[in-house]
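K.L.:
I'd like to ask some things about the structure below.
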Amino acid sequence: MKIINCPLNGPRNSSEFVHGGELRQMPDPNRCTDKAWADYVFYSDNQIGVMTEWWLHAPSGYWFIAERHTGSDEIMRTYDPSEIFTQRVEFTEKEECSPSEEVKA
Amino acid sequence: MTVIKPELFDSRSFIYRKHQQADFSEVSGAAQVLSYAEQGNPATGLIDLSVMPRFGLRGPNAGESLIAAGLQHPEQPNTLTVSAEGVMVLRLGRTEYWVLALPGASAGPDMDTLQQQLCGSGIYPVYCHDSYTWLAMAGDNLADIMAKVCAVDLRAESFAPGDLVMTSLARVGGIICHHSMAGMSVFSIFSDSASAGYLWDALLDAMAEFEGVPAGQNMLLGSK
C-alpha cells in the first residue's frame, strides 16, 4: 500500500487519508458575489503539476497540507497548516437584510 | 440491597447489553463493569470503560490552562501523562487535549470542577464522552493481538508507555494509548461510539487466540 507521511502522526497507509481539494484563497462569504462563492466551492483548476492540497488524516481528524504532483501522484512535501495560517481567520459580520429582501432571495 | 445494573441509569455504556454476566458498581451516574462472573485471573482482558468521566479541550490557551490547573502537560503531540491521582491527559495534536479519570482515580469526582476550571478565552470544548467508546485491553501479548487488526507497529520498542497513536484498527478510526495499571501494560482504545459494538466483538475475536476474555475494572486495579 502507498504510504503518506502525516506531519502529526508519521508515515501511514494511504487508506487512512482523505483528499480535501486544492488549497485556495477563501473569499469573504458575507461580502463576495454568489458567483465568486460558487467558483470557490464547486470549481477547481484541475491542472497537471505540483499542486498544494488539503488532506485529512481521518482517524485523528487532522487536516494538513500536501504538495503533490497530480500527474505522477508523487507527494513532495507535507506540512502543518500553521505554516500558512498563522492566525485565526475572521470574517466581517453579515449585514442584516430586510424581510422583503429575504423573501426575494 | 439493590443490585446495580446499567438499566437503572439513564447514562449507559454503548455496549451495556453485551455485559450480561457482569457485576457492576456506580461510577458518576452510570454502571461500570467491576468483573465478569466466574472468572479467574485472565492473562489478557478487554474492559469497557465507556462510562468513565472525561472531557476534551483545544485552542491556543489549552496547554497553558492545563499547567495552571496543576495537571501534567504532555510535552509532545501523540503522547500522554498519568498522574499519581489517576488522571490521564492525552495530547492529540498541537493544541488538543483530553482529560480522563482512570478507574480508581481519587480525583474522579472532581472532574466537573476541573472542567469548569479549564475554560476561558482561547479554549474550546471537545466532546469525547458520549461520542467515543473507551475500551481498555490489558495484560499479555497486547502488541501481537493488535498486529492482527492494526497496521502500526505497537511493539514496546516503537510504542512505549506514554505514547499514543491515532490510526485505523479493525478498519475503524481510533486512538490507541499505551499506559500501565497494576503492573500491567494497558492499551486504552477510543473509537466512535457508533462502532462500539462491532469493535468490542472484533477485538475479542482477535484476542481469542491469546485466551483474552472480557473483564471488568477490577483487573486494572489488581483486585479480583
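Every chain in the C-alpha cells takes a letter, A first, then B, and so on in the order presented; its residues are numbered from 1, and the ligands are numbered from 1 following the presented order.
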Residues of chain B within 7 Å of chain A, counting only C-alpha atoms, what are they? List them as a VMD selection string.
P.N.:
chain B and resid 166 to 168 173 to 174
K.L.:
As a PDB file with C-alpha atoms, in the first residue's frame, please: all residues of range 35-204 of chain B that backbone DSSP puts in alpha helix (DSSP H).
P.N.:
ATOM      1  CA  ALA B  62      -5.448  24.959  26.256  1.00  0.00           C
ATOM      2  CA  GLY B  63      -1.905  23.795  27.115  1.00  0.00           C
ATOM      3  CA  GLU B  64      -1.206  26.680  29.487  1.00  0.00           C
ATOM      4  CA  SER B  65      -4.524  26.197  31.278  1.00  0.00           C
ATOM      5  CA  LEU B  66      -3.656  22.527  31.924  1.00  0.00           C
ATOM      6  CA  ILE B  67      -0.381  23.537  33.533  1.00  0.00           C
ATOM      7  CA  ALA B  68      -2.139  26.247  35.570  1.00  0.00           C
ATOM      8  CA  MET B 111     -13.678  16.097  37.006  1.00  0.00           C
ATOM      9  CA  ASP B 112     -16.618  18.527  36.790  1.00  0.00           C
ATOM     10  CA  THR B 113     -14.716  21.125  38.817  1.00  0.00           C
ATOM     11  CA  LEU B 114     -11.651  20.569  36.687  1.00  0.00           C
ATOM     12  CA  GLN B 115     -13.668  21.051  33.511  1.00  0.00           C
ATOM     13  CA  GLN B 116     -15.084  24.346  34.797  1.00  0.00           C
ATOM     14  CA  GLN B 117     -11.558  25.449  35.682  1.00  0.00           C
ATOM     15  CA  LEU B 142      -1.065  -6.820  23.501  1.00  0.00           C
ATOM     16  CA  ALA B 143       1.201  -5.996  20.549  1.00  0.00           C
ATOM     17  CA  ASP B 144       0.658  -9.442  18.981  1.00  0.00           C
ATOM     18  CA  ILE B 145      -3.107  -9.115  19.333  1.00  0.00           C
ATOM     19  CA  MET B 146      -3.166  -5.619  17.879  1.00  0.00           C
ATOM     20  CA  ALA B 147      -0.933  -6.687  14.965  1.00  0.00           C
ATOM     21  CA  ALA B 196     -18.524   0.318  19.694  1.00  0.00           C
ATOM     22  CA  GLY B 197     -20.375  -3.000  19.412  1.00  0.00           C
ATOM     23  CA  TYR B 198     -18.508  -4.022  16.298  1.00  0.00           C
ATOM     24  CA  LEU B 199     -15.114  -3.090  17.779  1.00  0.00           C
ATOM     25  CA  TRP B 200     -15.816  -4.946  21.045  1.00  0.00           C
ATOM     26  CA  ASP B 201     -16.585  -8.136  19.102  1.00  0.00           C
ATOM     27  CA  ALA B 202     -13.690  -7.664  16.657  1.00  0.00           C
ATOM     28  CA  LEU B 203     -11.140  -7.166  19.451  1.00  0.00           C
ATOM     29  CA  LEU B 204     -12.450 -10.152  21.428  1.00  0.00           C
TER      30      LEU B 204
END
K.L.:
What is the CA of Ser44 in chain A to CA of Thr86 in chain A distance in Å?
P.N.:
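We find that CA of Ser44 in chain A and CA of Thr86 in chain A lie 24.6 Å from each other.
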K.L.:
Between CA of Asp163 in chain B and CA of Phe190 in chain B, what distance in Å does the model show, to one decimal?
P.N.:
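These two atoms are separated by 14.1 Å.
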K.L.:
Which one is closest to Ala101 in chain B: B:Arg12, B:Lys5, B:Lys18, B:Arg54? Count only C-alpha atoms.
P.N.:
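Counting only C-alpha atoms, the residue closest to Ala101 in chain B is B:Arg54.
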